[in-house]
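Chemist: I am sharing input-v3.cif, which consists of mmCIF, C-alpha atoms:
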data_start
#
loop_
_atom_site.label_atom_id
_atom_site.label_comp_id
_atom_site.auth_asym_id
_atom_site.auth_seq_id
_atom_site.Cartn_x
_atom_site.Cartn_y
_atom_site.Cartn_z
CA MET R 1 6.05 -37.53 -12.55
CA GLY R 2 6.75 -34.95 -15.28
CA THR R 3 4.53 -32.06 -16.30
CA ASP R 4 3.47 -30.71 -19.67
CA SER R 5 5.28 -27.37 -19.46
CA PRO R 6 7.81 -25.45 -17.37
CA LEU R 7 4.96 -23.15 -16.42
CA GLU R 8 3.01 -26.03 -14.93
CA GLU R 9 6.12 -27.14 -13.11
CA SER R 10 6.45 -23.73 -11.44
CA PHE R 11 2.81 -22.92 -10.81
CA GLY R 12 0.87 -26.17 -10.84
CA LYS R 13 -1.99 -27.03 -13.17
CA TYR R 14 -4.02 -23.86 -12.65
CA ILE R 15 -2.84 -20.27 -12.51
CA TRP R 16 -4.58 -17.33 -10.88
CA CYS R 17 -3.88 -13.87 -12.30
CA GLU R 18 -3.04 -11.16 -9.75
CA LEU R 19 -4.29 -8.41 -12.01
CA CYS R 20 -7.71 -9.69 -13.09
CA GLY R 21 -8.36 -12.59 -10.69
CA HIS R 22 -9.23 -15.03 -13.50
CA VAL R 23 -8.07 -18.62 -13.40
CA TYR R 24 -6.80 -20.56 -16.39
CA SER R 25 -4.82 -23.72 -16.84
CA ALA R 26 -1.07 -23.46 -17.26
CA ALA R 27 -1.60 -24.77 -20.78
CA ALA R 28 -3.92 -21.83 -21.56
CA TRP R 29 -1.24 -19.39 -20.31
CA VAL R 30 1.34 -21.10 -22.52
CA ALA R 31 -1.03 -20.92 -25.49
CA ALA R 32 -1.39 -17.17 -24.83
CA ASP R 33 2.38 -16.75 -25.06
CA ASN R 34 2.92 -17.03 -21.29
CA THR R 35 0.41 -14.29 -20.52
CA CYS R 36 -2.99 -14.27 -18.85
CA PRO R 37 -5.56 -15.24 -21.51
CA ASN R 38 -8.02 -12.75 -20.03
CA CYS R 39 -6.01 -9.56 -19.43
CA GLY R 40 -2.56 -10.17 -20.92
CA ALA R 41 -0.70 -9.92 -17.60
CA SER R 42 2.77 -11.42 -17.59
CA ILE R 43 4.18 -14.35 -15.63
CA ALA R 44 5.23 -11.84 -12.96
CA ASN R 45 1.52 -11.60 -12.10
CA ALA R 46 0.85 -15.34 -12.09
CA ARG R 47 0.03 -17.20 -8.86
CA PRO R 48 -0.44 -20.89 -8.26
CA TRP R 49 -4.11 -21.68 -7.72
CA GLU R 50 -3.14 -23.69 -4.65
CA GLU R 51 -1.89 -20.52 -2.97
CA ILE R 52 -5.28 -18.85 -3.44
CA ARG R 53 -7.00 -21.97 -2.16
CA GLN R 54 -4.94 -21.85 1.01
CA LEU R 55 -6.41 -18.40 1.67
CA ASN R 56 -9.91 -19.60 0.70
CA PRO R 57 -10.30 -23.26 1.68
CA GLN R 58 -13.87 -23.23 0.34
CA TYR R 59 -12.61 -22.79 -3.22
CA PRO R 60 -12.67 -25.95 -5.36
CA VAL R 61 -9.53 -27.99 -5.98
CA THR R 62 -10.30 -27.77 -9.68
CA PRO R 63 -11.41 -24.22 -10.51
CA VAL R 64 -13.71 -23.34 -13.36
CA GLU R 65 -11.41 -22.07 -16.08
CA GLY R 66 -12.02 -18.48 -17.13
CA THR R 67 -13.82 -17.68 -13.88
CA GLU R 68 -12.89 -14.78 -11.64
CA TYR R 69 -12.11 -15.68 -8.03
CA ALA R 70 -11.51 -13.00 -5.39
CA LEU R 71 -8.32 -13.12 -3.36
CA TYR R 72 -10.59 -13.18 -0.32
CA SER R 73 -14.13 -14.29 -1.06
CA MET K 1 -6.48 -5.72 -8.70
CA PRO K 2 -9.10 -8.42 -8.92
CA ASP K 3 -10.88 -8.01 -5.60
CA ALA K 4 -12.12 -4.49 -6.26
CA ALA K 5 -13.65 -5.59 -9.54
CA TYR K 6 -14.90 -8.85 -8.04
CA HIS K 7 -16.65 -7.27 -5.08
CA ALA K 8 -18.10 -4.47 -7.16
CA GLU K 9 -19.42 -7.00 -9.67
CA HIS K 10 -21.10 -8.92 -6.87
CA GLN K 11 -22.91 -5.94 -5.40
CA PRO K 12 -26.68 -6.10 -5.97
CA GLU K 13 -26.66 -2.68 -7.59
CA LYS K 14 -23.61 -1.37 -9.30
CA PRO K 15 -23.80 2.39 -9.81
CA GLU K 16 -23.38 3.80 -13.28
CA TRP K 17 -20.59 6.12 -12.18
CA TYR K 18 -18.54 3.12 -11.07
CA LYS K 19 -18.67 1.70 -14.58
CA GLU K 20 -17.70 5.11 -15.95
CA LEU K 21 -14.58 5.19 -13.77
CA ALA K 22 -13.22 2.17 -15.63
CA LYS K 23 -12.27 4.34 -18.59
CA TYR K 24 -9.49 5.96 -16.52
CA GLU K 25 -7.76 2.63 -15.98
CA LYS K 26 -5.83 2.85 -19.23
CA PRO K 27 -2.05 3.27 -18.77
CA ASP K 28 -0.47 5.99 -20.90
CA ILE K 29 3.19 5.44 -21.78
CA ARG K 30 3.77 9.10 -22.65
CA ARG K 31 2.50 10.40 -19.32
CA ALA K 32 4.38 7.69 -17.45
CA PHE K 33 7.61 8.62 -19.21
CA ILE K 34 7.11 12.33 -18.49
CA GLN K 35 6.53 11.52 -14.82
CA LEU K 36 9.69 9.46 -14.66
CA CYS K 37 11.70 12.29 -16.24
CA ASN K 38 10.31 15.09 -14.08
CA THR K 39 10.93 13.07 -10.93
CA LEU K 40 14.01 10.89 -11.32
CA ILE K 41 16.16 13.53 -13.05
CA PRO K 42 15.70 16.15 -10.31
CA LEU K 43 16.02 13.43 -7.66
CA LEU K 44 19.35 12.20 -8.99
CA GLY K 45 20.49 15.80 -9.50
CA LEU K 46 19.66 16.66 -5.90
CA LEU K 47 21.39 13.56 -4.56
CA GLY K 48 24.46 14.53 -6.61
CA MET K 49 24.39 18.07 -5.20
CA MET K 50 24.02 16.71 -1.68
CA LEU K 51 27.05 14.48 -2.22
CA TYR K 52 28.95 17.53 -3.45
CA THR K 53 28.07 19.50 -0.32
CA VAL K 54 29.19 16.76 2.07
CA THR K 55 32.45 16.14 0.21
CA HIS K 56 33.36 19.84 -0.17
CA GLY K 57 33.04 21.07 3.37
CA TYR K 58 29.66 22.82 3.18
CA PRO K 59 27.69 23.02 6.45
CA TYR K 60 25.59 19.86 6.90
CA TRP K 61 22.37 21.81 7.39
CA ILE K 62 22.52 22.72 3.68
CA THR K 63 22.59 19.01 2.85
CA LEU K 64 19.73 18.36 5.28
CA GLY K 65 17.67 21.15 3.70
CA MET K 66 18.11 19.54 0.29
CA SER K 67 17.23 16.14 1.75
CA VAL K 68 13.68 17.35 2.44
CA VAL K 69 13.14 18.16 -1.25
CA ALA K 70 14.89 14.95 -2.34
CA ALA K 71 12.61 12.96 -0.01
CA GLY K 72 9.65 14.65 -1.73
CA PHE K 73 10.84 13.38 -5.11
CA LEU K 74 11.48 9.94 -3.63
CA CYS K 75 7.98 9.94 -2.16
CA ARG K 76 6.59 10.59 -5.66
CA THR K 77 8.81 7.77 -6.90
CA PHE K 78 7.18 5.49 -4.33
CA ILE K 79 3.83 6.17 -5.98
CA PHE K 80 5.20 5.05 -9.36
CA PHE K 81 6.45 1.91 -7.62
CA HIS K 82 2.97 1.49 -6.15
CA ASP K 83 1.40 1.92 -9.61
CA CYS K 84 3.73 -0.79 -10.92
CA THR K 85 2.41 -3.19 -8.28
CA HIS K 86 -1.07 -2.57 -9.66
CA GLY K 87 0.16 -3.04 -13.22
CA SER K 88 -1.09 0.44 -14.05
CA PHE K 89 1.98 2.61 -14.66
CA PHE K 90 3.03 1.23 -18.05
CA PRO K 91 0.86 -0.69 -20.51
CA SER K 92 3.45 -3.52 -20.48
CA GLN K 93 3.41 -5.75 -17.40
CA ARG K 94 7.00 -6.74 -17.99
CA ALA K 95 7.99 -3.05 -17.92
CA ASN K 96 5.99 -2.56 -14.71
CA ALA K 97 7.79 -5.49 -13.09
CA ILE K 98 11.26 -4.26 -14.10
CA LEU K 99 10.65 -0.64 -13.11
CA GLY K 100 8.98 -1.74 -9.88
CA PHE K 101 11.99 -3.81 -8.90
CA LEU K 102 14.48 -1.01 -9.69
CA LEU K 103 12.50 1.66 -7.85
CA GLY K 104 12.09 -0.75 -4.94
CA VAL K 105 15.87 -0.96 -4.58
CA LEU K 106 16.04 2.83 -4.45
CA MET K 107 13.55 2.82 -1.57
CA MET K 108 14.79 -0.36 0.18
CA THR K 109 11.43 -2.01 -0.50
CA PRO K 110 11.32 -5.49 -2.10
CA TYR K 111 8.93 -5.23 -5.03
CA GLY K 112 7.61 -8.79 -5.19
CA GLN K 113 6.91 -9.16 -1.50
CA TRP K 114 5.43 -5.68 -1.17
CA ARG K 115 3.19 -6.22 -4.20
CA TRP K 116 1.69 -9.40 -2.74
CA SER K 117 1.04 -7.86 0.66
CA HIS K 118 -0.41 -4.76 -1.01
CA LEU K 119 -2.70 -6.94 -3.09
CA LYS K 120 -3.93 -8.54 0.11
CA HIS K 121 -4.46 -5.08 1.58
CA HIS K 122 -6.76 -4.23 -1.32
CA ALA K 123 -8.71 -7.39 -0.62
CA SER K 124 -9.05 -6.73 3.09
CA PHE K 125 -9.08 -2.98 3.75
CA ALA K 126 -11.56 -1.67 6.33
CA ASN K 127 -12.36 -5.27 7.24
CA LEU K 128 -12.03 -5.91 10.98
CA ASP K 129 -11.74 -9.66 10.44
CA ARG K 130 -8.87 -9.35 8.02
CA ARG K 131 -6.55 -6.84 9.66
CA GLY K 132 -2.82 -7.22 9.73
CA VAL K 133 -1.71 -7.21 6.11
CA GLY K 134 -0.30 -4.00 4.68
CA ASP K 135 -2.00 -1.76 7.22
CA VAL K 136 -1.20 0.03 10.45
CA LYS K 137 -2.14 -2.13 13.43
CA LEU K 138 -5.51 -1.19 14.89
CA MET K 139 -7.21 -2.72 17.93
CA THR K 140 -10.91 -2.52 18.70
CA VAL K 141 -12.03 -1.22 22.08
CA ASP K 142 -13.20 -4.73 23.08
CA GLU K 143 -9.85 -6.26 22.14
CA TYR K 144 -8.00 -3.58 24.05
CA GLN K 145 -10.13 -4.04 27.14
CA ALA K 146 -9.64 -7.81 26.99
CA ALA K 147 -5.87 -7.44 26.55
CA SER K 148 -3.37 -7.96 29.34
CA ARG K 149 -1.67 -4.98 30.93
CA TRP K 150 1.51 -5.82 29.01
CA GLN K 151 -0.34 -6.08 25.66
CA ARG K 152 -2.00 -2.73 26.33
CA LEU K 153 1.35 -1.16 27.11
CA VAL K 154 2.93 -2.52 23.94
CA TYR K 155 0.01 -1.30 21.84
CA ARG K 156 0.13 2.14 23.44
CA TRP K 157 3.83 2.28 22.80
CA TYR K 158 3.35 1.17 19.18
CA ARG K 159 0.69 3.85 18.59
CA HIS K 160 2.81 6.65 20.01
CA PRO K 161 3.54 9.05 17.09
CA PHE K 162 7.27 8.99 17.82
CA VAL K 163 7.33 5.20 17.58
CA LEU K 164 4.80 4.75 14.79
CA PHE K 165 6.11 7.38 12.40
CA GLY K 166 9.73 7.69 13.52
CA LEU K 167 11.32 4.63 15.04
CA GLY K 168 8.71 2.19 13.71
CA SER K 169 8.91 3.36 10.11
CA THR K 170 12.70 3.07 10.19
CA ILE K 171 12.57 -0.43 11.66
CA LEU K 172 9.98 -1.44 9.05
CA PHE K 173 11.84 -0.22 5.97
CA ALA K 174 15.45 -0.62 7.09
CA ILE K 175 15.23 -3.93 8.96
CA ILE K 176 11.95 -5.81 8.52
CA TYR K 177 11.89 -5.37 4.72
CA ARG K 178 15.38 -6.92 4.54
CA PHE K 179 13.95 -10.34 5.38
CA PRO K 180 11.15 -12.43 3.89
CA ILE K 181 7.94 -12.47 5.89
CA ARG K 182 6.70 -15.65 7.54
CA ARG K 183 5.16 -18.10 5.06
CA ALA K 184 6.52 -16.12 2.10
CA SER K 185 6.51 -18.04 -1.15
CA ALA K 186 9.75 -18.82 -2.96
CA ARG K 187 9.05 -15.92 -5.30
CA GLU K 188 8.60 -13.39 -2.50
CA ARG K 189 11.73 -14.66 -0.79
CA ARG K 190 13.64 -14.28 -4.02
CA SER K 191 12.40 -10.70 -4.44
CA VAL K 192 13.66 -9.84 -0.95
CA TRP K 193 17.12 -11.37 -1.46
CA LEU K 194 17.45 -9.82 -4.91
CA THR K 195 16.55 -6.39 -3.56
CA ASP K 196 19.03 -6.79 -0.71
CA GLY K 197 21.72 -7.93 -3.13
CA ALA K 198 21.10 -5.01 -5.50
CA LEU K 199 21.08 -2.60 -2.56
CA LEU K 200 24.37 -3.97 -1.34
CA ALA K 201 25.90 -3.75 -4.82
CA MET K 202 24.66 -0.19 -5.31
CA THR K 203 26.00 0.86 -1.91
CA ALA K 204 29.35 -0.83 -2.58
CA VAL K 205 29.83 0.76 -6.02
CA VAL K 206 28.82 4.29 -4.96
CA GLY K 207 30.51 3.95 -1.56
CA LEU K 208 33.82 2.81 -3.03
CA THR K 209 33.65 5.67 -5.52
CA VAL K 210 32.70 8.58 -3.26
CA GLY K 211 33.20 7.12 0.21
CA PHE K 212 30.75 5.38 2.52
CA ARG K 213 30.47 8.21 5.03
CA PRO K 214 29.34 10.83 2.47
CA LEU K 215 26.95 8.29 0.97
CA LEU K 216 25.30 7.62 4.31
CA LEU K 217 25.21 11.33 5.18
CA VAL K 218 23.24 11.87 1.99
CA LEU K 219 20.96 8.83 1.90
CA VAL K 220 20.02 8.34 5.55
CA PRO K 221 18.09 11.62 6.02
CA VAL K 222 16.33 11.21 2.66
CA TRP K 223 15.26 7.67 3.46
CA PHE K 224 14.25 8.59 6.98
CA ILE K 225 11.95 11.39 5.79
CA LEU K 226 10.51 9.17 3.05
CA TRP K 227 9.72 6.34 5.48
CA MET K 228 8.20 8.69 8.02
CA VAL K 229 5.97 10.33 5.41
CA GLY K 230 5.20 6.92 3.92
CA VAL K 231 3.92 5.47 7.18
CA TRP K 232 1.98 8.67 7.86
CA ILE K 233 0.26 8.31 4.49
CA PHE K 234 -0.46 4.58 5.05
CA TYR K 235 -1.93 5.56 8.40
CA ILE K 236 -4.11 8.44 7.30
CA GLN K 237 -5.58 6.46 4.42
CA HIS K 238 -7.65 4.16 6.65
CA GLN K 239 -7.61 5.61 10.16
CA PHE K 240 -9.42 8.90 10.57
CA GLU K 241 -12.49 10.38 12.21
CA GLY K 242 -15.72 8.90 10.87
CA VAL K 243 -13.94 6.01 9.09
CA TYR K 244 -15.88 2.89 8.10
CA TRP K 245 -14.64 -0.47 9.41
CA ALA K 246 -16.85 -3.56 9.43
CA ARG K 247 -16.80 -7.25 10.15
CA GLN K 248 -16.61 -9.65 7.22
CA ALA K 249 -20.33 -10.49 7.31
CA GLU K 250 -21.39 -6.91 6.73
CA TRP K 251 -18.35 -5.60 4.83
CA ASP K 252 -19.44 -3.59 1.80
CA PHE K 253 -17.02 -2.79 -0.99
CA PHE K 254 -18.46 0.62 -1.89
CA ARG K 255 -18.73 1.77 1.72
CA ALA K 256 -15.21 0.51 2.41
CA SER K 257 -13.91 2.47 -0.57
CA LEU K 258 -15.87 5.68 -0.08
CA GLU K 259 -16.05 5.80 3.72
CA GLY K 260 -13.19 3.52 4.76
CA SER K 261 -10.56 5.20 2.60
CA SER K 262 -9.74 8.86 2.96
CA TYR K 263 -9.73 11.73 0.52
CA TYR K 264 -6.65 13.58 1.75
CA ARG K 265 -6.87 16.98 0.07
CA LEU K 266 -3.37 18.40 0.16
CA PRO K 267 -2.01 21.69 -1.14
CA LYS K 268 -1.20 21.27 -4.85
CA VAL K 269 2.57 21.09 -4.32
CA LEU K 270 2.21 18.29 -1.78
CA GLN K 271 -0.36 16.57 -3.98
CA TRP K 272 2.25 16.52 -6.75
CA PHE K 273 4.97 15.13 -4.50
CA THR K 274 2.62 12.45 -3.19
CA GLY K 275 1.52 11.43 -6.68
CA ASN K 276 -2.21 12.09 -6.10
CA ILE K 277 -2.37 9.24 -3.57
CA GLY K 278 -4.51 11.49 -1.36
CA LEU K 279 -7.34 10.56 -3.72
CA HIS K 280 -7.25 7.23 -1.97
CA HIS K 281 -10.98 6.56 -2.10
CA VAL K 282 -10.83 6.72 -5.89
CA HIS K 283 -7.79 4.45 -5.85
CA HIS K 284 -9.61 1.80 -3.81
CA LEU K 285 -12.63 1.92 -6.09
CA ARG K 286 -10.48 1.41 -9.16
CA PRO K 287 -6.94 0.36 -8.16
CA ARG K 288 -5.83 0.17 -11.77
CA ILE K 289 -6.26 3.89 -12.40
CA PRO K 290 -2.67 5.18 -12.64
CA ASN K 291 -1.67 8.07 -10.38
CA TYR K 292 -1.57 10.43 -13.36
CA SER K 293 -5.27 9.86 -14.08
CA LEU K 294 -6.67 9.94 -10.55
CA GLN K 295 -7.42 13.67 -10.52
CA GLN K 296 -9.25 13.44 -13.87
CA ALA K 297 -11.27 10.50 -12.58
CA TYR K 298 -12.13 12.48 -9.47
CA ASP K 299 -13.09 15.62 -11.41
CA ALA K 300 -15.45 13.67 -13.65
CA THR K 301 -17.26 11.77 -10.88
CA PRO K 302 -19.63 13.64 -8.54
CA ALA K 303 -20.10 10.53 -6.38
CA VAL K 304 -16.46 10.56 -5.30
CA GLN K 305 -16.47 14.34 -4.91
CA ALA K 306 -19.17 13.96 -2.27
CA VAL K 307 -16.67 12.35 0.12
CA LYS K 308 -15.63 14.71 2.91
CA ALA K 309 -12.01 15.67 2.54
CA LEU K 310 -9.34 15.45 5.20
CA THR K 311 -7.10 18.48 5.20
CA LEU K 312 -3.59 18.84 6.58
CA ARG K 313 -5.03 20.46 9.70
CA SER K 314 -7.83 17.94 10.26
CA SER K 315 -5.51 15.02 9.55
CA LEU K 316 -3.27 15.99 12.46
CA LYS K 317 -6.19 15.48 14.83
CA THR K 318 -6.35 11.81 13.86
CA ILE K 319 -3.09 11.14 15.71
CA ARG K 320 -4.99 10.94 18.99
CA LEU K 321 -7.38 8.27 17.62
CA ASN K 322 -6.06 4.87 18.57
CA LEU K 323 -8.88 2.35 18.85
CA TYR K 324 -11.99 1.39 16.90
CA ASP K 325 -15.21 1.30 18.87
CA GLU K 326 -17.44 -1.25 17.13
CA ARG K 327 -20.56 -0.29 19.04
CA ARG K 328 -20.31 3.40 18.24
CA ARG K 329 -18.70 2.72 14.87
CA GLN K 330 -16.02 5.31 15.37
CA MET K 331 -12.40 5.70 16.31
CA VAL K 332 -11.66 6.78 19.85
CA SER K 333 -8.63 7.90 21.78
CA PHE K 334 -6.93 6.13 24.69
CA HIS K 335 -7.78 9.17 26.74
CA ALA K 336 -11.52 8.93 26.05
CA LEU K 337 -11.52 5.22 26.84
CA ASP K 338 -9.56 5.75 30.07
CA ARG K 339 -12.12 8.31 31.15
CA CYS K 340 -15.01 5.95 30.39
CA GLU K 341 -13.29 3.18 32.35
CA GLN K 342 -12.73 5.50 35.31
CA ILE K 343 -16.40 6.50 35.27
CA ASP K 344 -17.42 2.82 35.10
CA GLU K 345 -15.17 2.00 38.06
CA ARG K 346 -16.84 4.72 40.07
CA GLY K 347 -20.21 3.25 39.11
CA GLY K 348 -21.20 6.29 37.10
CA THR K 349 -22.96 6.32 33.77
#
Since I need it in another form, could you write the structure as structure tokens?

Modeler:
Amino acid sequence: MGTDSPLEESFGKYIWCELCGHVYSAAAWVAADNTCPNCGASIANARPWEEIRQLNPQYPVTPVEGTEYALYS
Amino acid sequence: MPDAAYHAEHQPEKPEWYKELAKYEKPDIRRAFIQLCNTLIPLLGLLGMMLYTVTHGYPYWITLGMSVVAAGFLCRTFIFFHDCTHGSFFPSQRANAILGFLLGVLMMTPYGQWRWSHLKHHASFANLDRRGVGDVKLMTVDEYQAASRWQRLVYRWYRHPFVLFGLGSTILFAIIYRFPIRRASARERRSVWLTDGALLAMTAVVGLTVGFRPLLLVLVPVWFILWMVGVWIFYIQHQFEGVYWARQAEWDFFRASLEGSSYYRLPKVLQWFTGNIGLHHVHHLRPRIPNYSLQQAYDATPAVQAVKALTLRSSLKTIRLNLYDERRRQMVSFHALDRCEQIDERGGT
């Protein structure tokens, strides 16, 4: 099954920003010129949401976009 | 670094001074550029002079003497690398990523992998339930007492200053950092292999030009001193007398920053070479304050000035502290614990 953007292909549907901890959809990152819509961090600071969920199993599968999630809650 | 901001935001009362500290988080391209010039130019100059001495028959002790100063410059370079991992050195994140990678090659440290483990360190420092990422291994007294004789021996060996700061630091930087860690993501793995490849290419080009023996005679002592000092600094930042460590349930961000991270007050020259990283409590409160603004942030904030400083002399005493006693909430030495155990065996109090 294909995805909407190369960003989604690499990171999955949701992206967590290493610098500000906010989560946005891959589409929102693309719309912000491949940067974090909250702090402007580059792709180098992007993390798949799934990776953060593995560290915090209590986090939802579908995060609330624009919300800050700690690396360890 | 999201966790500092996240945990501070979720404290019931967030002090005013903490909000004020945020204004120092702004990267300044001019100051960053000046720092790069006043560090990398002398560093490269010194390395060049060292190469000259080993290829022109000068006594090797002259080269070794220069290696101490070169290691100082490289130590300062490590702090720029560290700032890049926090996205705080340059305003541009792309520039931070590129510079971070290049400086990482110079120090045999893979940028991507180190950044991720350092990020985890900022999310778990002074937390007894989250030890093991980006910190120096620390056992609690209970864990040590429950350990087998062999595990105790290994831990004692690991904590010996010669192993921890000498042999261990060399193994860490020269060997362990050459390979991806367990469960590393594809990106971290790539950062390790790219760093190794660049290191190999750099060594090949310079080695084929000036000779491999002179190159090693120059680089090995500089790296060795850097790694030794580096591990010492990692160590002293979170393991000292009176340090705060807590279990997850009671872990408090402000206490962890102010009492679980040291203020290592060094003589000004050493503070310069270590890129103000001695102001580590300020750094943990606001990880996105670049090294060149840490002193200003400290000077303007009485709350962080109230933290008792470690000096060179007092820091040396921490070497004998090896275990964390959860009941007494303090670090203790093997010696003190052995004495307690002997007294217990004799049925004393």

Chemist: List the residues selected by the PyMOL selection byres ((chain K) within 12 of (chain R)) in the file shown, writing them as an MDAnalysis selection string.

Modeler: chainID K and resid 1:10 84:88 90:98 100:101 111:113 115:125 127 129:130 183:188 191 248:249 251 253 286:288

Chemist: Which residue out of K:Leu106, K:Gly197, K:Phe224, K:Gln342 has the minimum interatomic distance to Phe81 in chain K when all atoms listed in the file are used?

Modeler: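 Looking at the shortest contact to Phe81 in chain K, the residue is K:Leu106.
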
Chemist: Please measure the separation of CA of Gly134 in chain K and CA of Arg149 in chain K, giving the value in Å to one decimal.

Modeler: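 Interatomic distance here is 26.3 Å.
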
Chemist: Box along x, y and z, 4 Å on every side, all listed atoms of range 119-127 of chain K inside: centre and edge lengths in Å to one decimal, as lines of an AutoDock Vina configuration file.

Modeler:
center_x = -7.5
center_y = -5.1
center_z = 2.1
size_x = 17.7
size_y = 14.9
size_z = 18.3

Chemist: Choose the residue, out of R:Ala46, R:Val30, R:Val64, R:Cys39, that has the smallest atom-to-atom separation from Phe11 in chain R; count all atoms listed in the file.

Modeler: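 Nearest candidate to Phe11 in chain R out of R:Ala46, R:Val30, R:Val64, R:Cys39: R:Ala46.
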
Chemist: Return as a PyMOL selection string the set of residues that the PyMOL selection byres ((chain K and resi 164) around 12) yields on the displayed structure.

Modeler: chain K and resi 136-138+154-163+165-172+227-235+319+322

Chemist: Could you state the separation of CA of Lys308 in chain K and CA of Tyr263 in chain K in Å, given to one decimal place?

Modeler: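 Those two atoms sit 7.0 Å apart.
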
Chemist: What's the 8 Å shell around Phe73 in chain K, counting only C-alpha atoms, without same-chain residues fewer than 6 positions away, as a list of chain:residue names?

Modeler: K:Thr39, K:Leu40, K:Pro42, K:Leu43, K:Phe273
